[in-house]
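What follows is the content of protein-v7.pdb, which has PDB, C-alpha atoms:
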```
ATOM      1  CA  MET A  16      -8.215   5.098 -22.970
ATOM      2  CA  PRO A  17     -11.986   5.645 -22.785
ATOM      3  CA  PRO A  18     -13.326   8.636 -20.827
ATOM      4  CA  MET A  19     -14.383   8.136 -17.224
ATOM      5  CA  SER A  20     -18.056   7.596 -16.535
ATOM      6  CA  ARG A  21     -19.964   9.570 -13.902
ATOM      7  CA  LEU A  22     -19.597   6.635 -11.517
ATOM      8  CA  GLY A  23     -15.892   6.483 -12.308
ATOM      9  CA  ARG A  24     -15.515  10.162 -11.449
ATOM     10  CA  LEU A  25     -17.479   9.619  -8.230
ATOM     11  CA  PHE A  26     -15.124   6.783  -7.288
ATOM     12  CA  ALA A  27     -12.102   8.982  -8.027
ATOM     13  CA  VAL A  28     -13.401  11.883  -5.923
ATOM     14  CA  VAL A  29     -14.278   9.638  -2.979
ATOM     15  CA  ALA A  30     -10.860   7.922  -3.226
ATOM     16  CA  TRP A  31      -9.159  11.321  -2.946
ATOM     17  CA  ILE A  32     -11.369  12.345  -0.021
ATOM     18  CA  GLU A  33     -10.583   9.081   1.777
ATOM     19  CA  ALA A  34      -6.848   9.621   1.225
ATOM     20  CA  PHE A  35      -7.022  13.259   2.378
ATOM     21  CA  THR A  36      -8.794  12.327   5.593
ATOM     22  CA  TRP A  37      -6.280   9.507   6.166
ATOM     23  CA  ALA A  38      -3.456  12.043   5.840
ATOM     24  CA  GLY A  39      -5.222  14.396   8.252
ATOM     25  CA  LEU A  40      -5.661  11.581  10.740
ATOM     26  CA  LEU A  41      -1.967  10.686  10.478
ATOM     27  CA  VAL A  42      -1.000  14.306  11.169
ATOM     28  CA  GLY A  43      -3.462  14.376  14.049
ATOM     29  CA  MET A  44      -1.951  11.221  15.535
ATOM     30  CA  PHE A  45       1.536  12.713  15.202
ATOM     31  CA  LEU A  46       0.424  15.830  17.062
ATOM     32  CA  LYS A  47      -1.335  13.807  19.737
ATOM     33  CA  TYR A  48       1.168  11.026  20.390
ATOM     34  CA  VAL A  49       4.556  12.383  19.288
ATOM     35  CA  THR A  50       4.510  16.087  20.041
ATOM     36  CA  GLU A  51       1.733  15.738  22.649
ATOM     37  CA  THR A  52       0.430  19.190  21.727
ATOM     38  CA  THR A  53      -3.224  18.643  20.807
ATOM     39  CA  GLU A  54      -5.880  16.015  20.305
ATOM     40  CA  ALA A  55      -7.921  18.198  17.955
ATOM     41  CA  GLY A  56      -6.560  16.569  14.781
ATOM     42  CA  VAL A  57      -7.495  13.082  15.923
ATOM     43  CA  TRP A  58     -10.881  14.305  17.118
ATOM     44  CA  LEU A  59     -11.697  16.020  13.803
ATOM     45  CA  PHE A  60     -10.027  13.745  11.251
ATOM     46  CA  GLY A  61     -10.996  10.583  13.112
ATOM     47  CA  ARG A  62     -14.636  11.430  12.520
ATOM     48  CA  LEU A  63     -14.079  12.663   8.967
ATOM     49  CA  HIS A  64     -12.034   9.619   8.044
ATOM     50  CA  GLY A  65     -14.594   7.252   9.546
ATOM     51  CA  GLY A  66     -17.281   8.774   7.350
ATOM     52  CA  ALA A  67     -15.024   8.843   4.294
ATOM     53  CA  PHE A  68     -14.083   5.191   4.845
ATOM     54  CA  VAL A  69     -17.726   4.077   4.991
ATOM     55  CA  LEU A  70     -18.549   6.225   1.937
ATOM     56  CA  PHE A  71     -15.599   4.728   0.040
ATOM     57  CA  VAL A  72     -16.728   1.169   0.809
ATOM     58  CA  VAL A  73     -20.299   1.867  -0.322
ATOM     59  CA  VAL A  74     -19.217   3.723  -3.476
ATOM     60  CA  THR A  75     -16.685   1.008  -4.334
ATOM     61  CA  LEU A  76     -19.311  -1.729  -4.063
ATOM     62  CA  VAL A  77     -21.826   0.219  -6.167
ATOM     63  CA  VAL A  78     -19.253   1.206  -8.794
ATOM     64  CA  GLY A  79     -17.747  -2.291  -8.880
ATOM     65  CA  ILE A  80     -21.155  -3.787  -9.618
ATOM     66  CA  ARG A  81     -22.330  -1.122 -12.078
ATOM     67  CA  LEU A  82     -19.038  -0.953 -14.020
ATOM     68  CA  ARG A  83     -18.648  -4.756 -13.948
ATOM     69  CA  TRP A  84     -15.234  -4.910 -12.290
ATOM     70  CA  GLY A  85     -15.531  -8.504 -11.144
ATOM     71  CA  TRP A  86     -14.645  -9.764  -7.703
ATOM     72  CA  PHE A  87     -10.831  -9.336  -7.936
ATOM     73  CA  ARG A  88     -10.834  -5.633  -8.882
ATOM     74  CA  THR A  89     -13.574  -4.902  -6.381
ATOM     75  CA  LEU A  90     -11.674  -6.627  -3.546
ATOM     76  CA  VAL A  91      -8.436  -4.846  -4.451
ATOM     77  CA  ALA A  92     -10.249  -1.499  -4.445
ATOM     78  CA  LEU A  93     -11.857  -2.287  -1.090
ATOM     79  CA  ALA A  94      -8.528  -3.425   0.386
ATOM     80  CA  SER A  95      -6.925  -0.174  -0.760
ATOM     81  CA  SER A  96      -8.920   1.678   1.890
ATOM     82  CA  VAL A  97      -6.984   0.035   4.731
ATOM     83  CA  PRO A  98      -3.354   1.199   4.273
ATOM     84  CA  PRO A  99      -2.931   4.985   4.282
ATOM     85  CA  LEU A 100      -3.225   6.761   0.925
ATOM     86  CA  THR A 101      -3.511   3.594  -1.181
ATOM     87  CA  THR A 102      -6.946   4.565  -2.477
ATOM     88  CA  LEU A 103      -4.975   6.951  -4.686
ATOM     89  CA  LEU A 104      -3.044   4.005  -6.133
ATOM     90  CA  ALA A 105      -6.264   2.076  -6.716
ATOM     91  CA  GLU A 106      -7.852   5.092  -8.422
ATOM     92  CA  TRP A 107      -4.785   5.540 -10.622
ATOM     93  CA  TRP A 108      -4.700   1.843 -11.544
ATOM     94  CA  LEU A 109      -8.412   1.650 -12.354
ATOM     95  CA  ARG A 110      -8.345   4.898 -14.351
ATOM     96  CA  ARG A 111      -5.234   3.905 -16.274
ATOM     97  CA  THR A 112      -6.653   0.481 -17.182
ATOM     98  CA  GLY A 113      -9.950   2.052 -18.280
ATOM     99  CA  HIS A 114     -12.053   0.463 -15.546
ATOM    100  CA  LEU A 115     -13.560   3.784 -14.480
ATOM    101  CA  ALA A 116     -15.271   4.029 -17.877
ATOM    102  CA  ASP A 117     -18.622   2.536 -18.826
ATOM    103  CA  PRO A 118     -18.287  -1.123 -19.855
ATOM    104  CA  ALA A 119     -19.576  -0.323 -23.357
ATOM    105  CA  ASP A 120     -16.900   2.368 -23.789
ATOM    106  CA  ARG A 121     -14.235  -0.058 -22.562
ATOM    107  CA  ALA A 122     -15.354  -2.654 -25.094
ATOM    108  CA  ALA A 123     -15.374  -0.110 -27.912
ATOM    109  CA  ALA A 124     -11.875   1.079 -26.969
ATOM    110  CA  ALA A 125     -10.601  -2.502 -26.921
ATOM    111  CA  GLU A 126     -11.779  -3.196 -30.487
ATOM    112  CA  PRO A 127      -9.384  -2.078 -33.207
ATOM    113  CA  ALA A 128     -10.806   0.621 -35.421
ATOM    114  CA  ALA A 129     -11.837  -0.636 -38.857
ATOM    115  CA  GLU A 130     -10.187   2.299 -40.624
ATOM    116  CA  LEU A 131      -6.831   1.459 -39.067
ATOM    117  CA  GLN A 132      -6.750  -2.112 -40.382
ATOM    118  CA  PRO A 133      -4.876  -2.610 -43.629
ATOM    119  CA  THR A 134      -6.851  -3.680 -46.688
ATOM    120  CA  ARG A 135      -5.578  -6.325 -49.084
TER
END
```

In C-alpha cells, what does this structure look like?
Amino acid sequence: MPPMSRLGRLFAVVAWIEAFTWAGLLVGMFLKYVTETTEAGVWLFGRLHGGAFVLFVVVTLVVGIRLRWGWFRTLVALASSVPPLTTLLAEWWLRRTGHLADPADRAAAAEPAAELQPTR
C-alpha cells in the first residue's frame, strides 16, 4: 500500500473531525431531548458540526479531483458525511485501497516489481 499524500492526510483528519462533531451532536441531542437536562451540547456541537460538514465537503471535492478518484469514489465519500460516523468508514476504505496516495504512487504500487518476476 503506497503512503498517504498530504491531501490524503488532510482528508483523513477532516473525516475524523466530522465524525467527532457528529458524535458530539448526537450526545447533545440525547441530553436535550431524552434527559431534557441541557441544550448546550446541541448549541455547541451543532455549530461545530455544521462547519466540519462544510469543510468535509470542500476537502472531499478538492481531494477527489486532485487524487483522481473519479465520480463514484467522490460521490461515496460525499455521501458518507450524511449518516453519523460513516466518514470514518470512507476514510478507512480509501486509505486501505490506496486512494489517499498520490496517483503516481498508486500506479507504481500496482506495477509488479521487476526484481520479483522470475527469469527464464

Restricting the calculation to all atoms listed in the file, which member of A:Phe45, A:Arg88, A:Ile32, A:Arg83 is positioned closest to His64 of chain A?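 For His64 of chain A, the nearest of the given residues is A:Ile32.
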
Between atom CA of Ala30 of chain A and atom CA of Glu54 of chain A, what is the spacing in Å?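 Atom-to-atom, atom CA of Glu54 of chain A to atom CA of Ala30 of chain A, that is 25.4 Å.
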
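Proximity of A:Val78, A:Thr50, A:Thr112, A:Ala105 to Ala125 of chain A, computed with all atoms listed in the file, is greatest for A:Thr112.
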
Expand the PyMOL selection byres ((chain A and resi 76) around 12) into the individual residues it matches in the shown file, reporting them as a PDB file with C-alpha atoms, in the coordinates of the input.
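Result file is part_15.pdb:
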```pdb
ATOM      1  CA  LEU A  22     -19.597   6.635 -11.517  1.00  0.00           C
ATOM      2  CA  PHE A  26     -15.124   6.783  -7.288  1.00  0.00           C
ATOM      3  CA  VAL A  69     -17.726   4.077   4.991  1.00  0.00           C
ATOM      4  CA  LEU A  70     -18.549   6.225   1.937  1.00  0.00           C
ATOM      5  CA  PHE A  71     -15.599   4.728   0.040  1.00  0.00           C
ATOM      6  CA  VAL A  72     -16.728   1.169   0.809  1.00  0.00           C
ATOM      7  CA  VAL A  73     -20.299   1.867  -0.322  1.00  0.00           C
ATOM      8  CA  VAL A  74     -19.217   3.723  -3.476  1.00  0.00           C
ATOM      9  CA  THR A  75     -16.685   1.008  -4.334  1.00  0.00           C
ATOM     10  CA  VAL A  77     -21.826   0.219  -6.167  1.00  0.00           C
ATOM     11  CA  VAL A  78     -19.253   1.206  -8.794  1.00  0.00           C
ATOM     12  CA  GLY A  79     -17.747  -2.291  -8.880  1.00  0.00           C
ATOM     13  CA  ILE A  80     -21.155  -3.787  -9.618  1.00  0.00           C
ATOM     14  CA  ARG A  81     -22.330  -1.122 -12.078  1.00  0.00           C
ATOM     15  CA  LEU A  82     -19.038  -0.953 -14.020  1.00  0.00           C
ATOM     16  CA  ARG A  83     -18.648  -4.756 -13.948  1.00  0.00           C
ATOM     17  CA  TRP A  84     -15.234  -4.910 -12.290  1.00  0.00           C
ATOM     18  CA  GLY A  85     -15.531  -8.504 -11.144  1.00  0.00           C
ATOM     19  CA  TRP A  86     -14.645  -9.764  -7.703  1.00  0.00           C
ATOM     20  CA  ARG A  88     -10.834  -5.633  -8.882  1.00  0.00           C
ATOM     21  CA  THR A  89     -13.574  -4.902  -6.381  1.00  0.00           C
ATOM     22  CA  LEU A  90     -11.674  -6.627  -3.546  1.00  0.00           C
ATOM     23  CA  VAL A  91      -8.436  -4.846  -4.451  1.00  0.00           C
ATOM     24  CA  ALA A  92     -10.249  -1.499  -4.445  1.00  0.00           C
ATOM     25  CA  LEU A  93     -11.857  -2.287  -1.090  1.00  0.00           C
ATOM     26  CA  ALA A  94      -8.528  -3.425   0.386  1.00  0.00           C
TER      27      ALA A  94
END
```

For atom CA of Ala55 of chain A and atom CA of Ala27 of chain A, quote the distance in Å rounded to one decimal.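 Atom-to-atom, atom CA of Ala55 of chain A and atom CA of Ala27 of chain A are spaced 27.9 Å apart.
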
Write out as an MDAnalysis selection string which residues come within 10 Å of Arg21 of chain A when counting all atoms listed in the file, dropping same-chain ones fewer than 2 positions away. chainID A and resid 18:19 23:27 78 115:117

So which one's closest to Val29 of chain A, A:Gly66, A:Gly61, A:Pro17, A:Gly43? Using all atoms listed in the file, please.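 So, comparing all the options, the nearest one is A:Gly66.
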
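Residue nearest Leu103 of chain A within the list A:Phe35, A:Phe87, A:Trp58, A:Tyr48: A:Phe35 [criterion: smallest interatomic distance, all atoms listed in the file].
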
What gap, in Å, lies between atom CA of Ala67 of chain A and atom CA of Gly113 of chain A?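 For atom CA of Ala67 of chain A relative to atom CA of Gly113 of chain A, the distance reads 24.1 Å.
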
Pick out the closest residue to Leu40 of chain A from this set: A:Ala119, A:Gly65, A:Met16, A:Glu126. Count all atoms listed in the file. A:Gly65

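Minimum distance to Pro98 of chain A across A:Phe68, A:Ala123, A:Val28, A:Val57 (counting only C-alpha atoms) occurs at A:Phe68.
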
With 5 Å on each side, where is the centre of the axis-aligned box around all listed atoms of segment 72-90 of chain A, and how long are its edges in Å to one decimal, as AutoDock Vina command-line options?
```
--center_x -16.6 --center_y -3.0 --center_z -6.6 --size_x 21.5 --size_y 23.5 --size_z 24.8
```
